[in-house]
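The structure file work-v1.cif is reproduced below (mmCIF, C-alpha atoms and all ligand atoms).
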```cif
data_start
#
loop_
_atom_site.label_atom_id
_atom_site.label_comp_id
_atom_site.auth_asym_id
_atom_site.auth_seq_id
_atom_site.Cartn_x
_atom_site.Cartn_y
_atom_site.Cartn_z
CA MET A 1 -3.01 27.08 -20.93
CA ILE A 2 -2.70 27.82 -17.21
CA THR A 3 0.45 28.38 -15.16
CA LEU A 4 1.18 26.25 -12.10
CA ALA A 5 3.76 27.07 -9.43
CA ILE A 6 5.14 23.99 -7.65
CA GLY A 7 6.23 25.01 -4.15
CA THR A 8 9.35 22.88 -3.74
CA LYS A 9 12.63 21.86 -5.34
CA ASN A 10 12.49 18.37 -3.79
CA PRO A 11 12.77 16.00 -6.79
CA ALA A 12 10.38 13.38 -5.34
CA LYS A 13 7.67 16.05 -5.09
CA VAL A 14 8.52 17.87 -8.34
CA PHE A 15 8.36 14.67 -10.40
CA ALA A 16 5.13 13.63 -8.69
CA VAL A 17 3.54 16.84 -9.98
CA LYS A 18 5.21 16.94 -13.40
CA GLU A 19 4.47 13.31 -14.30
CA THR A 20 0.89 13.45 -13.06
CA LEU A 21 0.02 16.60 -15.01
CA LEU A 22 2.23 15.92 -18.05
CA LYS A 23 -0.63 15.81 -20.56
CA GLU A 24 -2.59 18.74 -19.15
CA PRO A 25 -2.48 22.20 -20.74
CA ILE A 26 -0.29 23.54 -17.93
CA LYS A 27 2.97 25.46 -17.88
CA MET A 28 4.78 24.36 -14.71
CA GLU A 29 7.52 26.09 -12.75
CA THR A 30 9.21 25.08 -9.50
CA VAL A 31 9.67 27.65 -6.75
CA SER A 32 11.62 27.14 -3.54
CA ALA A 33 8.88 27.81 -0.98
CA PRO A 34 9.09 27.82 2.83
CA SER A 35 6.52 25.68 4.66
CA GLY A 36 6.20 28.16 7.52
CA VAL A 37 5.88 25.22 9.92
CA SER A 38 8.49 23.04 11.65
CA ASP A 39 10.90 21.06 9.46
CA GLN A 40 9.30 18.01 11.06
CA PRO A 41 5.54 18.63 11.39
CA PHE A 42 3.93 16.73 14.27
CA SER A 43 0.23 16.70 13.40
CA ASN A 44 -2.12 16.53 10.43
CA ASN A 45 -3.03 20.19 11.02
CA GLU A 46 0.59 21.32 10.94
CA THR A 47 1.41 19.18 7.90
CA LYS A 48 -1.62 20.46 5.97
CA LEU A 49 -0.76 24.07 6.89
CA GLY A 50 2.78 23.53 5.59
CA ALA A 51 1.37 22.39 2.24
CA LEU A 52 -1.02 25.37 2.10
CA ASN A 53 1.75 27.86 2.93
CA ARG A 54 4.02 26.45 0.22
CA ALA A 55 1.20 26.55 -2.35
CA GLN A 56 0.31 30.16 -1.59
CA TYR A 57 3.92 31.36 -1.42
CA ALA A 58 4.83 29.70 -4.74
CA ARG A 59 1.73 30.95 -6.55
CA GLU A 60 2.22 34.52 -5.39
CA LYS A 61 5.98 34.51 -6.06
CA ILE A 62 5.55 34.02 -9.83
CA ASP A 63 1.95 35.25 -10.06
CA ALA A 64 0.81 31.86 -11.39
CA ASP A 65 -2.85 30.93 -11.94
CA VAL A 66 -2.50 27.97 -9.57
CA GLY A 67 -0.04 26.90 -6.86
CA ILE A 68 0.56 23.52 -5.27
CA GLY A 69 2.31 22.56 -2.03
CA LEU A 70 3.14 19.08 -0.73
CA GLU A 71 4.21 18.29 2.81
CA GLY A 72 5.10 15.23 4.85
CA GLY A 73 4.78 14.87 8.60
CA VAL A 74 3.91 12.57 11.48
CA TYR A 75 1.05 12.40 13.98
CA LEU A 76 0.34 10.40 17.11
CA HIS A 77 -2.57 7.93 16.95
CA GLU A 78 -3.39 5.57 19.80
CA GLY A 79 0.15 5.90 21.13
CA VAL A 80 1.80 5.13 17.77
CA TYR A 81 3.44 7.62 15.38
CA TYR A 82 2.10 7.52 11.83
CA LEU A 83 3.48 9.18 8.72
CA CYS A 84 1.07 11.60 7.07
CA ASN A 85 1.16 13.44 3.79
CA TRP A 86 -0.83 16.41 2.51
CA GLY A 87 -1.21 18.39 -0.69
CA VAL A 88 -2.96 21.71 -1.21
CA MET A 89 -3.75 23.45 -4.51
CA VAL A 90 -4.72 27.12 -4.50
CA THR A 91 -5.93 29.43 -7.27
CA LYS A 92 -5.52 33.13 -7.92
CA ASP A 93 -9.18 33.73 -7.07
CA GLY A 94 -8.92 32.00 -3.70
CA GLN A 95 -10.08 28.43 -4.31
CA VAL A 96 -8.40 25.85 -2.06
CA TYR A 97 -8.29 22.09 -2.71
CA ALA A 98 -6.67 19.90 -0.06
CA ALA A 99 -6.10 16.13 -0.03
CA SER A 100 -4.23 13.81 2.28
CA GLY A 101 -2.44 10.66 1.20
CA LEU A 102 -0.97 7.50 2.55
CA SER A 103 -0.58 7.18 6.31
CA LEU A 104 1.57 4.40 7.80
CA PRO A 105 2.71 3.47 11.32
CA LEU A 106 6.38 4.18 12.03
CA PRO A 107 8.44 1.43 13.67
CA ARG A 108 9.52 2.24 17.24
CA GLU A 109 13.21 2.46 16.25
CA TYR A 110 12.54 5.71 14.36
CA THR A 111 10.28 7.37 16.89
CA THR A 112 12.87 7.78 19.66
CA GLY A 113 14.82 10.20 17.45
CA LEU A 114 11.63 12.06 16.53
CA GLU A 115 10.81 12.60 20.19
CA ALA A 116 14.36 13.92 20.69
CA GLY A 117 13.61 16.59 18.05
CA LYS A 118 15.28 15.08 14.99
CA GLU A 119 13.81 15.19 11.48
CA LEU A 120 12.69 11.81 10.19
CA SER A 121 14.76 12.08 7.02
CA HIS A 122 17.88 12.70 9.14
CA ILE A 123 17.11 9.68 11.33
CA ILE A 124 16.70 7.38 8.34
CA GLY A 125 19.49 9.14 6.40
CA ASN A 126 20.60 8.56 2.80
CA ASP A 127 18.59 11.60 1.56
CA ILE A 128 15.48 9.42 1.85
CA GLY A 129 13.06 12.37 1.61
CA LYS A 130 14.37 13.26 -1.87
CA LYS A 131 14.22 9.63 -3.03
CA ASP A 132 11.73 6.89 -2.18
CA GLY A 133 10.78 8.45 1.15
CA ALA A 134 9.98 6.76 4.43
CA VAL A 135 6.89 5.33 2.74
CA GLY A 136 9.10 3.68 0.13
CA LEU A 137 11.33 2.15 2.79
CA LEU A 138 8.47 0.91 4.95
CA THR A 139 6.50 -0.57 2.03
CA ASN A 140 9.59 -2.37 0.78
CA GLY A 141 9.73 -0.09 -2.26
CA ARG A 142 6.14 -0.73 -3.36
CA ILE A 143 4.78 2.77 -2.68
CA THR A 144 7.45 5.37 -3.33
CA ARG A 145 7.20 8.99 -2.15
CA LYS A 146 6.74 10.10 -5.75
CA ARG A 147 3.91 7.64 -6.33
CA MET A 148 2.26 8.53 -3.03
CA PHE A 149 2.40 12.27 -3.79
CA ALA A 150 1.21 11.65 -7.38
CA HIS A 151 -2.05 10.30 -5.94
CA ILE A 152 -2.48 13.48 -3.89
CA VAL A 153 -1.69 15.71 -6.88
CA GLU A 154 -4.19 13.79 -9.02
CA SER A 155 -6.83 14.31 -6.32
CA CYS A 156 -6.19 18.04 -5.90
CA TYR A 157 -6.18 18.66 -9.65
CA GLY A 158 -9.33 16.55 -10.10
CA MET A 159 -11.15 18.64 -7.50
CA TYR A 160 -9.89 21.82 -9.16
CA GLN A 161 -11.18 20.64 -12.58
CA PHE A 162 -14.52 19.57 -11.12
CA ASN A 163 -15.05 23.10 -9.84
CA GLN A 164 -14.13 25.07 -12.99
O1 LIG A 201 11.09 20.49 2.43
P1 LIG A 201 11.32 19.89 1.07
O2 LIG A 201 12.59 20.32 0.44
O3 LIG A 201 10.16 20.06 0.14
O4 LIG A 201 11.47 18.30 1.26
P2 LIG A 201 11.40 17.38 2.56
O5 LIG A 201 11.92 16.02 2.21
O6 LIG A 201 11.97 18.05 3.77
O7 LIG A 201 9.87 17.20 2.71
P3 LIG A 201 8.87 17.63 3.88
O8 LIG A 201 9.34 18.92 4.49
O9 LIG A 201 7.50 17.58 3.30
O10 LIG A 201 9.01 16.40 4.89
C1 LIG A 201 8.86 16.49 6.28
C2 LIG A 201 9.74 15.50 6.97
O11 LIG A 201 9.35 14.13 6.82
C3 LIG A 201 10.36 13.35 6.17
N1 LIG A 201 9.82 12.26 5.33
C4 LIG A 201 10.55 11.48 4.52
N2 LIG A 201 9.79 10.57 3.92
C5 LIG A 201 8.55 10.76 4.36
C6 LIG A 201 7.33 10.12 4.11
O12 LIG A 201 7.26 9.09 3.30
N3 LIG A 201 6.20 10.55 4.70
C7 LIG A 201 6.26 11.60 5.55
N4 LIG A 201 7.41 12.27 5.85
C8 LIG A 201 8.55 11.84 5.26
C9 LIG A 201 11.04 14.43 5.41
O13 LIG A 201 12.27 14.03 4.91
C10 LIG A 201 11.13 15.53 6.45
O14 LIG A 201 12.01 15.18 7.49
MG MG A 202 11.29 19.89 4.64
#
```
Please rewrite the model in this file as structure tokens.
Amino acid sequence: MITLAIGTKNPAKVFAVKETLLKEPIKMETVSAPSGVSDQPFSNNETKLGALNRAQYAREKIDADVGIGLEGGVYLHEGVYYLCNWGVMVTKDGQVYAASGLSLPLPREYTTGLEAGKELSHIIGNDIGKKDGAVGLLTNGRITRKRMFAHIVESCYGMYQFNQ
């Protein structure tokens, strides 16, 4: 049995981790963890760093064997803003497993607010980040934030297992 610290209280992220790793010999605990980056990350680098910071903070906070952080952001590609999503898993002995997930173009109507410094979840409203996410909205409910992050969690944990 290993212990895993989940670096967020956001239900979409927490359930993505808990449901994915349900059958594994893991004791899971959620920890409110700061990302250490902007509330609205603006690049893949910044988004990935936010996930890493949350994973490390959460793991250290409860001295767990493993920590995981998940972070959403946007980046500019060929003049269009895309959503991006990253997960990072860290271990007590310094292993780091990072994976990125679904990336989708954002419609122009949302990007004006982003450029004015607003957070995407505040532009869309309705607590979207804690529910189906922008990915859920833009895929007409087919790929929810939980499902998208579950894929990332599965990938990080798979890489962790492969290396034990
Ligand atoms: O910080 P916590 O409490 O964990 O939850 P959060 O919803 O703020 O999650 P992030 O910091 O990872 O998200 C960064 C921003 O992107 C927003 N967002 C919402 N849905 C998204 C999606 O599908 N992909 C990327 N970013 C999304 C999110 O609400 C934030 O404004
Ligand atoms: Mg946030």
Set the cut-off to 8 Å, count all atoms listed in the file, and list whatever residues fall near ligand LIG 201 (chain A) as number ranges by chain.
A: 7-10, 13, 32-35, 39-41, 47, 50-51, 70-74, 83-85, 103, 119-122, 127-130, 132-136, 144-145
Can you tell me how far CA of Ile124 in chain A sits from CA of Met148 in chain A, in Å to one decimal?
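Computed distance, CA of Ile124 in chain A to CA of Met148 in chain A, equals 18.4 Å.
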For ligand MG 202 (chain A), which of A:Glu19, A:Arg54, A:Tyr81, A:Leu4 is the closest residue, counting all atoms listed in the file?
A:Arg54
Pairwise distance, CA of Lys48 in chain A with CA of Ala116 in chain A, equals 22.7 Å
Top pick for closest residue to Asn44 in chain A, considering A:Thr30, A:Thr112, A:Ser100, A:Asn140 and counting only C-alpha atoms
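With only C-alpha atoms as the atom set, the closest residue is A:Ser100.
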Write out as an MDAnalysis selection string the residues lying within 7 Å of range 64-68 of chain A, counting only C-alpha atoms and excluding same-chain residues fewer than 4 positions away.
chainID A and resid 2:7 55:56 58:60 88:92
Smallest atom-to-atom distance to ligand MG 202 (chain A): which of A:Pro107, A:Pro25, A:Gly69, A:Gly113, using only C-alpha atoms and all ligand atoms?
A:Gly69
Point-to-point distance from CA of Val153 in chain A to CA of Glu46 in chain A, Å rounded to tenths
18.8 Å
For Ala99 in chain A, list every protein, DNA or RNA residue within 8 Å, evaluated using all atoms listed in the file, and leave out those in the same chain fewer than 5 positions away; present the list as a PyMOL selection string.
chain A and resi 86-88+152+155-156
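Considering all atoms listed in the file, the residue among A:Thr139, A:Gln95, A:Thr20, A:Gln161 positioned nearest to Leu52 in chain A is A:Gln95.
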Using all atoms listed in the file, pick whichever of A:Ser38, A:Arg147, A:Glu78, A:Thr111 has the shortest atom-to-atom distance to ligand MG 202 (chain A).
A:Ser38
Distance criterion (only C-alpha atoms and all ligand atoms): nearest to ligand MG 202 (chain A) out of A:Gly36, A:Phe15, A:Lys23, A:Phe149
A:Gly36
Quick one: axis-aligned box around all listed atoms of range 4-19 of chain A, 6 Å on every side, centre and edge lengths in Å to one decimal, written as JSON.
```
{"center_x": 7.0, "center_y": 20.2, "center_z": -9.0, "size_x": 23.6, "size_y": 25.8, "size_z": 22.6}
```
